[in-house]
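A.B. asks: Data: input-v9.txt, compact mmCIF, N, CA and C atoms.
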# COMPACT_ATOMS: atom_id res chain seq x y z
N MET A 1 114.42 60.47 46.11
CA MET A 1 113.43 59.60 46.68
C MET A 1 112.03 60.19 46.55
N LYS A 2 111.95 61.51 46.51
CA LYS A 2 110.66 62.18 46.32
C LYS A 2 109.62 61.73 47.34
N VAL A 3 110.00 61.81 48.61
CA VAL A 3 109.08 61.43 49.68
C VAL A 3 108.00 62.48 49.84
N TYR A 4 108.39 63.76 49.79
CA TYR A 4 107.44 64.86 49.92
C TYR A 4 107.38 65.65 48.62
N THR A 5 106.23 66.16 48.32
CA THR A 5 106.11 67.07 47.19
C THR A 5 106.65 68.42 47.63
N PRO A 6 106.98 69.31 46.70
CA PRO A 6 107.44 70.65 47.10
C PRO A 6 106.42 71.38 47.99
N GLU A 7 105.14 71.20 47.74
CA GLU A 7 104.12 71.84 48.55
C GLU A 7 104.13 71.28 49.98
N GLU A 8 104.32 69.97 50.10
CA GLU A 8 104.39 69.35 51.42
C GLU A 8 105.62 69.82 52.19
N CYS A 9 106.73 69.97 51.48
CA CYS A 9 107.95 70.50 52.12
C CYS A 9 107.73 71.92 52.63
N ASP A 10 107.07 72.74 51.79
CA ASP A 10 106.79 74.12 52.20
C ASP A 10 105.85 74.15 53.42
N ALA A 11 104.84 73.29 53.40
CA ALA A 11 103.90 73.24 54.53
C ALA A 11 104.61 72.79 55.80
N ARG A 12 105.47 71.80 55.67
CA ARG A 12 106.22 71.30 56.83
C ARG A 12 107.15 72.38 57.39
N GLN A 13 107.79 73.10 56.50
CA GLN A 13 108.67 74.20 56.91
C GLN A 13 107.87 75.28 57.65
N GLU A 14 106.70 75.60 57.12
CA GLU A 14 105.86 76.62 57.75
C GLU A 14 105.44 76.19 59.16
N VAL A 15 105.07 74.95 59.32
CA VAL A 15 104.69 74.44 60.64
C VAL A 15 105.87 74.53 61.61
N MET A 16 107.07 74.20 61.14
CA MET A 16 108.26 74.27 62.00
C MET A 16 108.54 75.71 62.41
N TYR A 17 108.43 76.65 61.48
CA TYR A 17 108.63 78.07 61.83
C TYR A 17 107.59 78.53 62.84
N GLU A 18 106.34 78.19 62.60
CA GLU A 18 105.28 78.59 63.53
C GLU A 18 105.51 78.02 64.91
N ASN A 19 105.92 76.78 64.98
CA ASN A 19 106.19 76.15 66.27
C ASN A 19 107.35 76.85 66.99
N TYR A 20 108.43 77.09 66.28
CA TYR A 20 109.59 77.77 66.86
C TYR A 20 109.20 79.16 67.37
N ASN A 21 108.53 79.93 66.52
CA ASN A 21 108.15 81.29 66.88
C ASN A 21 107.21 81.31 68.08
N THR A 22 106.23 80.43 68.07
CA THR A 22 105.27 80.38 69.18
C THR A 22 105.96 79.99 70.47
N THR A 23 106.82 78.99 70.42
CA THR A 23 107.54 78.55 71.62
C THR A 23 108.38 79.68 72.20
N LEU A 24 109.13 80.37 71.36
CA LEU A 24 109.97 81.47 71.85
C LEU A 24 109.14 82.62 72.39
N CYS A 25 108.02 82.91 71.76
CA CYS A 25 107.16 84.00 72.25
C CYS A 25 106.59 83.66 73.62
N VAL A 26 106.21 82.41 73.83
CA VAL A 26 105.72 81.99 75.14
C VAL A 26 106.84 82.07 76.18
N GLU A 27 108.05 81.67 75.81
CA GLU A 27 109.18 81.73 76.73
C GLU A 27 109.49 83.17 77.13
N VAL A 28 109.44 84.09 76.18
CA VAL A 28 109.69 85.50 76.49
C VAL A 28 108.63 86.03 77.45
N ALA A 29 107.37 85.76 77.14
CA ALA A 29 106.28 86.23 78.00
C ALA A 29 106.41 85.65 79.41
N THR A 30 106.78 84.39 79.49
CA THR A 30 106.94 83.75 80.81
C THR A 30 108.09 84.35 81.58
N LEU A 31 109.23 84.54 80.91
CA LEU A 31 110.39 85.14 81.58
C LEU A 31 110.06 86.53 82.10
N VAL A 32 109.46 87.35 81.27
CA VAL A 32 109.11 88.72 81.68
C VAL A 32 108.15 88.69 82.87
N LYS A 33 107.15 87.84 82.80
CA LYS A 33 106.17 87.76 83.90
C LYS A 33 106.83 87.29 85.19
N MET A 34 107.69 86.29 85.11
CA MET A 34 108.38 85.80 86.31
C MET A 34 109.26 86.87 86.93
N VAL A 35 109.96 87.62 86.08
CA VAL A 35 110.83 88.69 86.58
C VAL A 35 110.00 89.79 87.22
N GLU A 36 108.97 90.23 86.53
CA GLU A 36 108.20 91.38 87.01
C GLU A 36 107.32 91.05 88.22
N THR A 37 106.82 89.83 88.32
CA THR A 37 105.92 89.51 89.43
C THR A 37 106.58 88.77 90.57
N GLY A 38 107.77 88.23 90.35
CA GLY A 38 108.44 87.46 91.40
C GLY A 38 109.81 87.98 91.76
N ILE A 39 110.68 88.06 90.77
CA ILE A 39 112.09 88.41 91.03
C ILE A 39 112.24 89.85 91.49
N LEU A 40 111.69 90.81 90.75
CA LEU A 40 111.87 92.22 91.12
C LEU A 40 111.26 92.55 92.48
N PRO A 41 110.06 92.06 92.81
CA PRO A 41 109.56 92.31 94.16
C PRO A 41 110.45 91.69 95.24
N ALA A 42 111.00 90.52 94.98
CA ALA A 42 111.91 89.89 95.94
C ALA A 42 113.19 90.71 96.08
N CYS A 43 113.67 91.25 94.97
CA CYS A 43 114.86 92.11 95.02
C CYS A 43 114.59 93.36 95.86
N ALA A 44 113.44 93.97 95.65
CA ALA A 44 113.09 95.18 96.41
C ALA A 44 112.98 94.86 97.90
N ALA A 45 112.34 93.75 98.22
CA ALA A 45 112.21 93.36 99.63
C ALA A 45 113.57 93.08 100.25
N ASP A 46 114.43 92.42 99.49
CA ASP A 46 115.76 92.11 100.00
C ASP A 46 116.57 93.38 100.22
N LEU A 47 116.51 94.27 99.27
CA LEU A 47 117.28 95.52 99.36
C LEU A 47 116.81 96.37 100.54
N SER A 48 115.52 96.35 100.81
CA SER A 48 114.99 97.15 101.92
C SER A 48 115.52 96.69 103.28
N LYS A 49 115.95 95.47 103.36
CA LYS A 49 116.48 94.94 104.62
C LYS A 49 117.84 95.55 104.98
N TYR A 50 118.44 96.26 104.04
CA TYR A 50 119.77 96.84 104.26
C TYR A 50 119.72 98.34 104.54
N SER A 51 118.54 98.88 104.79
CA SER A 51 118.43 100.33 105.00
C SER A 51 119.19 100.78 106.25
N ALA A 52 119.23 99.96 107.28
CA ALA A 52 119.94 100.33 108.51
C ALA A 52 121.46 100.22 108.35
N MET A 53 121.91 99.34 107.49
CA MET A 53 123.36 99.12 107.28
C MET A 53 123.66 99.05 105.78
N PRO A 54 123.56 100.17 105.05
CA PRO A 54 123.74 100.15 103.60
C PRO A 54 125.11 99.63 103.16
N SER A 55 126.09 99.72 104.02
CA SER A 55 127.42 99.25 103.64
C SER A 55 127.46 97.73 103.46
N LEU A 56 126.46 97.02 103.95
CA LEU A 56 126.43 95.56 103.83
C LEU A 56 125.73 95.05 102.58
N LYS A 57 125.12 95.95 101.83
CA LYS A 57 124.32 95.47 100.68
C LYS A 57 125.15 95.03 99.48
N GLY A 58 126.41 95.34 99.46
CA GLY A 58 127.29 94.85 98.39
C GLY A 58 126.84 95.26 97.00
N ASP A 59 126.78 94.27 96.10
CA ASP A 59 126.43 94.52 94.70
C ASP A 59 124.93 94.49 94.44
N ARG A 60 124.13 94.48 95.46
CA ARG A 60 122.69 94.32 95.28
C ARG A 60 122.09 95.41 94.40
N ASP A 61 122.41 96.67 94.66
CA ASP A 61 121.85 97.77 93.85
C ASP A 61 122.11 97.53 92.36
N ALA A 62 123.36 97.33 92.01
CA ALA A 62 123.74 97.15 90.60
C ALA A 62 123.10 95.91 90.00
N THR A 63 123.11 94.82 90.73
CA THR A 63 122.55 93.56 90.22
C THR A 63 121.05 93.68 90.01
N TYR A 64 120.35 94.18 90.99
CA TYR A 64 118.89 94.27 90.90
C TYR A 64 118.47 95.28 89.84
N THR A 65 119.21 96.39 89.74
CA THR A 65 118.91 97.39 88.71
C THR A 65 119.15 96.81 87.32
N SER A 66 120.19 95.99 87.18
CA SER A 66 120.46 95.40 85.87
C SER A 66 119.35 94.45 85.43
N ILE A 67 118.73 93.77 86.38
CA ILE A 67 117.61 92.89 86.03
C ILE A 67 116.49 93.71 85.41
N LYS A 68 116.14 94.82 86.04
CA LYS A 68 115.08 95.69 85.52
C LYS A 68 115.46 96.25 84.16
N LYS A 69 116.68 96.74 84.04
CA LYS A 69 117.15 97.34 82.79
C LYS A 69 117.14 96.33 81.65
N GLU A 70 117.67 95.15 81.89
CA GLU A 70 117.77 94.14 80.84
C GLU A 70 116.40 93.56 80.49
N THR A 71 115.50 93.48 81.46
CA THR A 71 114.14 93.02 81.17
C THR A 71 113.41 94.05 80.33
N ASP A 72 113.59 95.32 80.63
CA ASP A 72 113.00 96.38 79.81
C ASP A 72 113.53 96.33 78.39
N GLU A 73 114.83 96.06 78.25
CA GLU A 73 115.42 95.93 76.92
C GLU A 73 114.82 94.74 76.17
N LEU A 74 114.62 93.64 76.85
CA LEU A 74 114.00 92.47 76.24
C LEU A 74 112.59 92.80 75.76
N LYS A 75 111.82 93.49 76.58
CA LYS A 75 110.46 93.87 76.20
C LYS A 75 110.48 94.79 74.98
N LYS A 76 111.43 95.71 74.95
CA LYS A 76 111.55 96.63 73.81
C LYS A 76 111.90 95.86 72.53
N LEU A 77 112.87 94.97 72.63
CA LEU A 77 113.25 94.17 71.46
C LEU A 77 112.08 93.30 70.99
N PHE A 78 111.39 92.70 71.94
CA PHE A 78 110.29 91.81 71.60
C PHE A 78 109.15 92.57 70.90
N ALA A 79 108.91 93.78 71.33
CA ALA A 79 107.86 94.60 70.71
C ALA A 79 108.22 94.97 69.27
N SER A 80 109.50 94.89 68.92
CA SER A 80 109.96 95.27 67.58
C SER A 80 110.14 94.08 66.64
N LYS A 81 109.69 92.91 67.06
CA LYS A 81 109.93 91.73 66.22
C LYS A 81 109.15 91.85 64.91
N PRO A 82 109.74 91.36 63.83
CA PRO A 82 109.05 91.42 62.54
C PRO A 82 107.83 90.49 62.51
N HIS A 83 106.96 90.72 61.56
CA HIS A 83 105.74 89.92 61.47
C HIS A 83 105.85 88.83 60.40
N ASP A 84 106.84 88.91 59.54
CA ASP A 84 107.08 87.84 58.57
C ASP A 84 107.62 86.63 59.32
N MET A 85 107.08 85.46 59.03
CA MET A 85 107.39 84.25 59.79
C MET A 85 108.89 83.91 59.79
N VAL A 86 109.53 83.97 58.65
CA VAL A 86 110.95 83.62 58.56
C VAL A 86 111.80 84.70 59.21
N ALA A 87 111.50 85.96 58.96
CA ALA A 87 112.24 87.06 59.58
C ALA A 87 112.06 87.05 61.10
N GLU A 88 110.85 86.69 61.55
CA GLU A 88 110.58 86.62 62.98
C GLU A 88 111.43 85.53 63.64
N ALA A 89 111.52 84.38 63.00
CA ALA A 89 112.33 83.28 63.54
C ALA A 89 113.79 83.69 63.65
N ASP A 90 114.29 84.35 62.63
CA ASP A 90 115.68 84.81 62.65
C ASP A 90 115.89 85.84 63.75
N TYR A 91 114.96 86.77 63.89
CA TYR A 91 115.04 87.82 64.91
C TYR A 91 114.98 87.21 66.31
N LEU A 92 114.07 86.27 66.51
CA LEU A 92 113.96 85.62 67.81
C LEU A 92 115.25 84.89 68.17
N CYS A 93 115.82 84.23 67.19
CA CYS A 93 117.05 83.46 67.43
C CYS A 93 118.25 84.36 67.69
N ASN A 94 118.39 85.42 66.91
CA ASN A 94 119.62 86.21 66.94
C ASN A 94 119.55 87.49 67.78
N LYS A 95 118.36 87.94 68.15
CA LYS A 95 118.23 89.14 68.98
C LYS A 95 117.59 88.83 70.33
N ILE A 96 116.49 88.11 70.30
CA ILE A 96 115.72 87.87 71.52
C ILE A 96 116.40 86.85 72.43
N LYS A 97 116.80 85.71 71.89
CA LYS A 97 117.42 84.68 72.73
C LYS A 97 118.68 85.19 73.43
N PRO A 98 119.57 85.92 72.74
CA PRO A 98 120.74 86.45 73.46
C PRO A 98 120.34 87.41 74.59
N GLN A 99 119.30 88.22 74.38
CA GLN A 99 118.86 89.13 75.44
C GLN A 99 118.22 88.35 76.58
N MET A 100 117.54 87.28 76.28
CA MET A 100 116.99 86.43 77.34
C MET A 100 118.13 85.87 78.20
N GLN A 101 119.22 85.51 77.57
CA GLN A 101 120.39 85.00 78.31
C GLN A 101 120.98 86.07 79.22
N VAL A 102 120.97 87.32 78.78
CA VAL A 102 121.47 88.42 79.60
C VAL A 102 120.59 88.59 80.84
N VAL A 103 119.26 88.55 80.63
CA VAL A 103 118.33 88.65 81.76
C VAL A 103 118.55 87.48 82.70
N ARG A 104 118.66 86.30 82.15
CA ARG A 104 118.84 85.09 82.97
C ARG A 104 120.12 85.17 83.79
N ALA A 105 121.20 85.66 83.20
CA ALA A 105 122.47 85.78 83.93
C ALA A 105 122.32 86.75 85.12
N ALA A 106 121.61 87.85 84.91
CA ALA A 106 121.40 88.81 86.00
C ALA A 106 120.55 88.20 87.11
N VAL A 107 119.52 87.45 86.73
CA VAL A 107 118.66 86.80 87.72
C VAL A 107 119.44 85.72 88.47
N ASP A 108 120.27 85.00 87.75
CA ASP A 108 121.10 83.97 88.41
C ASP A 108 122.02 84.60 89.45
N LYS A 109 122.59 85.76 89.12
CA LYS A 109 123.45 86.44 90.07
C LYS A 109 122.65 86.89 91.29
N ALA A 110 121.44 87.40 91.04
CA ALA A 110 120.58 87.85 92.14
C ALA A 110 120.17 86.68 93.04
N GLU A 111 120.00 85.52 92.46
CA GLU A 111 119.61 84.34 93.24
C GLU A 111 120.60 84.08 94.37
N GLY A 112 121.87 84.37 94.12
CA GLY A 112 122.89 84.19 95.15
C GLY A 112 122.92 85.30 96.18
N LEU A 113 122.21 86.39 95.92
CA LEU A 113 122.22 87.54 96.83
C LEU A 113 120.94 87.67 97.66
N ILE A 114 119.82 87.32 97.05
CA ILE A 114 118.53 87.50 97.73
C ILE A 114 118.42 86.57 98.93
N GLN A 115 117.91 87.13 100.01
CA GLN A 115 117.68 86.33 101.22
C GLN A 115 116.85 85.10 100.84
N LYS A 116 117.25 83.96 101.35
CA LYS A 116 116.68 82.68 100.95
C LYS A 116 115.15 82.64 101.03
N ASP A 117 114.58 83.10 102.10
CA ASP A 117 113.12 83.01 102.26
C ASP A 117 112.35 84.01 101.40
N LEU A 118 113.05 84.96 100.76
CA LEU A 118 112.40 85.92 99.88
C LEU A 118 112.37 85.46 98.42
N TYR A 119 113.26 84.53 98.06
CA TYR A 119 113.35 84.11 96.66
C TYR A 119 112.06 83.39 96.27
N PRO A 120 111.37 83.85 95.22
CA PRO A 120 110.03 83.35 94.92
C PRO A 120 109.94 82.00 94.22
N TYR A 121 111.05 81.49 93.72
CA TYR A 121 111.03 80.25 92.96
C TYR A 121 112.05 79.27 93.55
N PRO A 122 111.89 77.99 93.27
CA PRO A 122 112.90 77.04 93.76
C PRO A 122 114.27 77.37 93.15
N THR A 123 115.31 77.27 93.96
CA THR A 123 116.66 77.51 93.47
C THR A 123 117.17 76.24 92.79
N TYR A 124 118.28 76.36 92.09
CA TYR A 124 118.88 75.17 91.47
C TYR A 124 119.18 74.13 92.54
N GLU A 125 119.71 74.59 93.65
CA GLU A 125 120.06 73.68 94.74
C GLU A 125 118.82 72.92 95.24
N GLN A 126 117.73 73.62 95.40
CA GLN A 126 116.50 72.97 95.85
C GLN A 126 115.98 71.97 94.82
N LEU A 127 116.09 72.32 93.56
CA LEU A 127 115.62 71.41 92.51
C LEU A 127 116.48 70.15 92.44
N ILE A 128 117.76 70.33 92.59
CA ILE A 128 118.69 69.19 92.46
C ILE A 128 118.71 68.32 93.70
N TYR A 129 118.71 68.93 94.88
CA TYR A 129 118.93 68.17 96.11
C TYR A 129 117.72 68.03 97.02
N SER A 130 116.55 68.50 96.59
CA SER A 130 115.39 68.48 97.48
C SER A 130 114.99 67.06 97.90
N HIS A 131 115.29 66.09 97.09
CA HIS A 131 114.94 64.72 97.45
C HIS A 131 115.78 64.18 98.60
N HIS A 132 116.89 64.87 98.93
CA HIS A 132 117.75 64.45 100.04
C HIS A 132 117.25 64.96 101.40
N SER A 133 116.36 65.94 101.38
CA SER A 133 115.97 66.56 102.64
C SER A 133 114.80 65.86 103.34
N SER A 134 114.25 64.87 102.73
CA SER A 134 113.09 64.18 103.33
C SER A 134 113.50 63.24 104.43
Would you write out, as structure tokens, the structure that this file holds?
C.D. replies:
Amino acid sequence: MKVYTPEECDARQEVMYENYNTTLCVEVATLVKMVETGILPACAADLSKYSAMPSLKGDRDATYTSIKKETDELKKLFASKPHDMVAEADYLCNKIKPQMQVVRAAVDKAEGLIQKDLYPYPTYEQLIYSHHSS
């Protein structure tokens, strides 16, 4: 059908790669910022509430520490991303996104542990059912 010339196809492909790479880079920066400025301080505040009765803190130490560890790993991986557009897209898809999922899983686990009034963001429950509380 020859709808696009080869140059137009290449340009379209480049725009798609740039869009994908930019979107993922913004998502990584947002995730890291949310963890470092909201989640980790909430974890620390929650953990401090158990100083008088450490036997009640359960898995909090391990869960909260894993958030920090996995976020640091994400930052390390992100700093090592290639600068070639196609290689960057592949790296973001196959290295960064899986690590983002690991961070997200740790944060999701922490959401169930952190004292409700300390959690800095709306929970899934609040997002889904908040319209029922009015």
A.B. asks: With 9 Å as the threshold, what does the neighbourhood of (111.7, 86.9, 91.4) contain in terms of residues, counting only C-alpha atoms? Coordinates are those of the file; answer as a tab-separated table (two decimals) with N, CA and C atoms, keeping the file's coordinate frame.
C.D. replies:
chain	number	residue	atom	x	y	z
A	34	MET	N	107.69	86.29	85.11
A	34	MET	CA	108.38	85.80	86.31
A	34	MET	C	109.26	86.87	86.93
A	35	VAL	N	109.96	87.62	86.08
A	35	VAL	CA	110.83	88.69	86.58
A	35	VAL	C	110.00	89.79	87.22
A	36	GLU	N	108.97	90.23	86.53
A	36	GLU	CA	108.20	91.38	87.01
A	36	GLU	C	107.32	91.05	88.22
A	37	THR	N	106.82	89.83	88.32
A	37	THR	CA	105.92	89.51	89.43
A	37	THR	C	106.58	88.77	90.57
A	38	GLY	N	107.77	88.23	90.35
A	38	GLY	CA	108.44	87.46	91.40
A	38	GLY	C	109.81	87.98	91.76
A	39	ILE	N	110.68	88.06	90.77
A	39	ILE	CA	112.09	88.41	91.03
A	39	ILE	C	112.24	89.85	91.49
A	40	LEU	N	111.69	90.81	90.75
A	40	LEU	CA	111.87	92.22	91.12
A	40	LEU	C	111.26	92.55	92.48
A	41	PRO	N	110.06	92.06	92.81
A	41	PRO	CA	109.56	92.31	94.16
A	41	PRO	C	110.45	91.69	95.24
A	42	ALA	N	111.00	90.52	94.98
A	42	ALA	CA	111.91	89.89	95.94
A	42	ALA	C	113.19	90.71	96.08
A	43	CYS	N	113.67	91.25	94.97
A	43	CYS	CA	114.86	92.11	95.02
A	43	CYS	C	114.59	93.36	95.86
A	107	VAL	N	119.52	87.45	86.73
A	107	VAL	CA	118.66	86.80	87.72
A	107	VAL	C	119.44	85.72	88.47
A	110	ALA	N	121.44	87.40	91.04
A	110	ALA	CA	120.58	87.85	92.14
A	110	ALA	C	120.17	86.68	93.04
A	111	GLU	N	120.00	85.52	92.46
A	111	GLU	CA	119.61	84.34	93.24
A	111	GLU	C	120.60	84.08	94.37
A	118	LEU	N	113.05	84.96	100.76
A	118	LEU	CA	112.40	85.92	99.88
A	118	LEU	C	112.37	85.46	98.42
A	119	TYR	N	113.26	84.53	98.06
A	119	TYR	CA	113.35	84.11	96.66
A	119	TYR	C	112.06	83.39	96.27
A	120	PRO	N	111.37	83.85	95.22
A	120	PRO	CA	110.03	83.35	94.92
A	120	PRO	C	109.94	82.00	94.22
A	121	TYR	N	111.05	81.49	93.72
A	121	TYR	CA	111.03	80.25	92.96
A	121	TYR	C	112.05	79.27	93.55
A.B. asks: Between atom C of Ala62 of chain A and atom CA of Leu77 of chain A, measure the distance and give it in Å to one decimal.
C.D. replies: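 Computing the Euclidean distance for atom C of Ala62 of chain A and atom CA of Leu77 of chain A yields 21.1 Å.
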A.B. asks: Please indicate the distance in Å from atom N of Lys49 of chain A to atom N of Lys116 of chain A, rounded to one decimal place.
C.D. replies: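 Between these atoms lies a distance of 11.8 Å.
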A.B. asks: Determine, counting all atoms listed in the file, which protein, DNA and RNA residues have an atom within 8 Å of an atom of Leu92 of chain A; residues of the same chain fewer than 6 positions away are not included. Present the result as a list of chain:residue names.
C.D. replies: A:Asn21, A:Leu24, A:Cys25, A:Lys81, A:Pro82, A:Val86, A:Pro98
A.B. asks: For the atom pair atom C of Gln13 of chain A and atom CA of Ala89 of chain A, what is the interatomic distance in Å to one decimal place?
C.D. replies: 10.9 Å
A.B. asks: Could you give me the centre and size, in Å to one decimal, of an axis-aligned box around all listed atoms of segment 78-81 of chain A with 4 Å added on every side, as AutoDock Vina command-line options?
C.D. replies:
--center_x 109.6 --center_y 93.5 --center_z 68.4 --size_x 11.5 --size_y 11.5 --size_z 15.0
A.B. asks: If we count all atoms listed in the file and set the cut-off at 8 Å, which residues sit around segment 54-61 of chain A, ignoring sequence neighbours fewer than 4 positions away in its own chain? Please answer as JSON, numbers by chain.
C.D. replies: {"A": [43, 46, 47, 49, 50, 65, 66, 67, 110, 113, 114]}
A.B. asks: Please, which residues are within 10 Å of (111.4, 93.7, 77.7) by the file's coordinates, counting only C-alpha atoms, and could they come as a list in words?
C.D. replies: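 Protein and nucleic acid residues near the point are Val28, Ala29, Leu31, Val32, Lys68, Lys69, Glu70, Thr71, Asp72, Glu73, Leu74, Lys75, Lys76, Leu77, Phe78, Ala79, Ile96, Gln99, Met100 and Val103 of chain A.
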A.B. asks: As a PyMOL selection string, please: every residue in chain A that DSSP puts in alpha helix (DSSP H).
C.D. replies: chain A and resi 6-34+40-48+60-79+85-91+97-111+124-129
A.B. asks: With distances taken over all atoms listed in the file, which residue among A:Glu88, A:Gln101, A:Asn94, A:Tyr124 lies nearest Tyr20 of chain A?
C.D. replies: A:Glu88
A.B. asks: Measuring atom to atom with all atoms listed in the file, identify which of A:Ala106, A:Leu127, A:Cys93, A:Cys9 is nearest to Thr63 of chain A.
C.D. replies: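 Counting all atoms listed in the file, the residue closest to Thr63 of chain A is A:Ala106.
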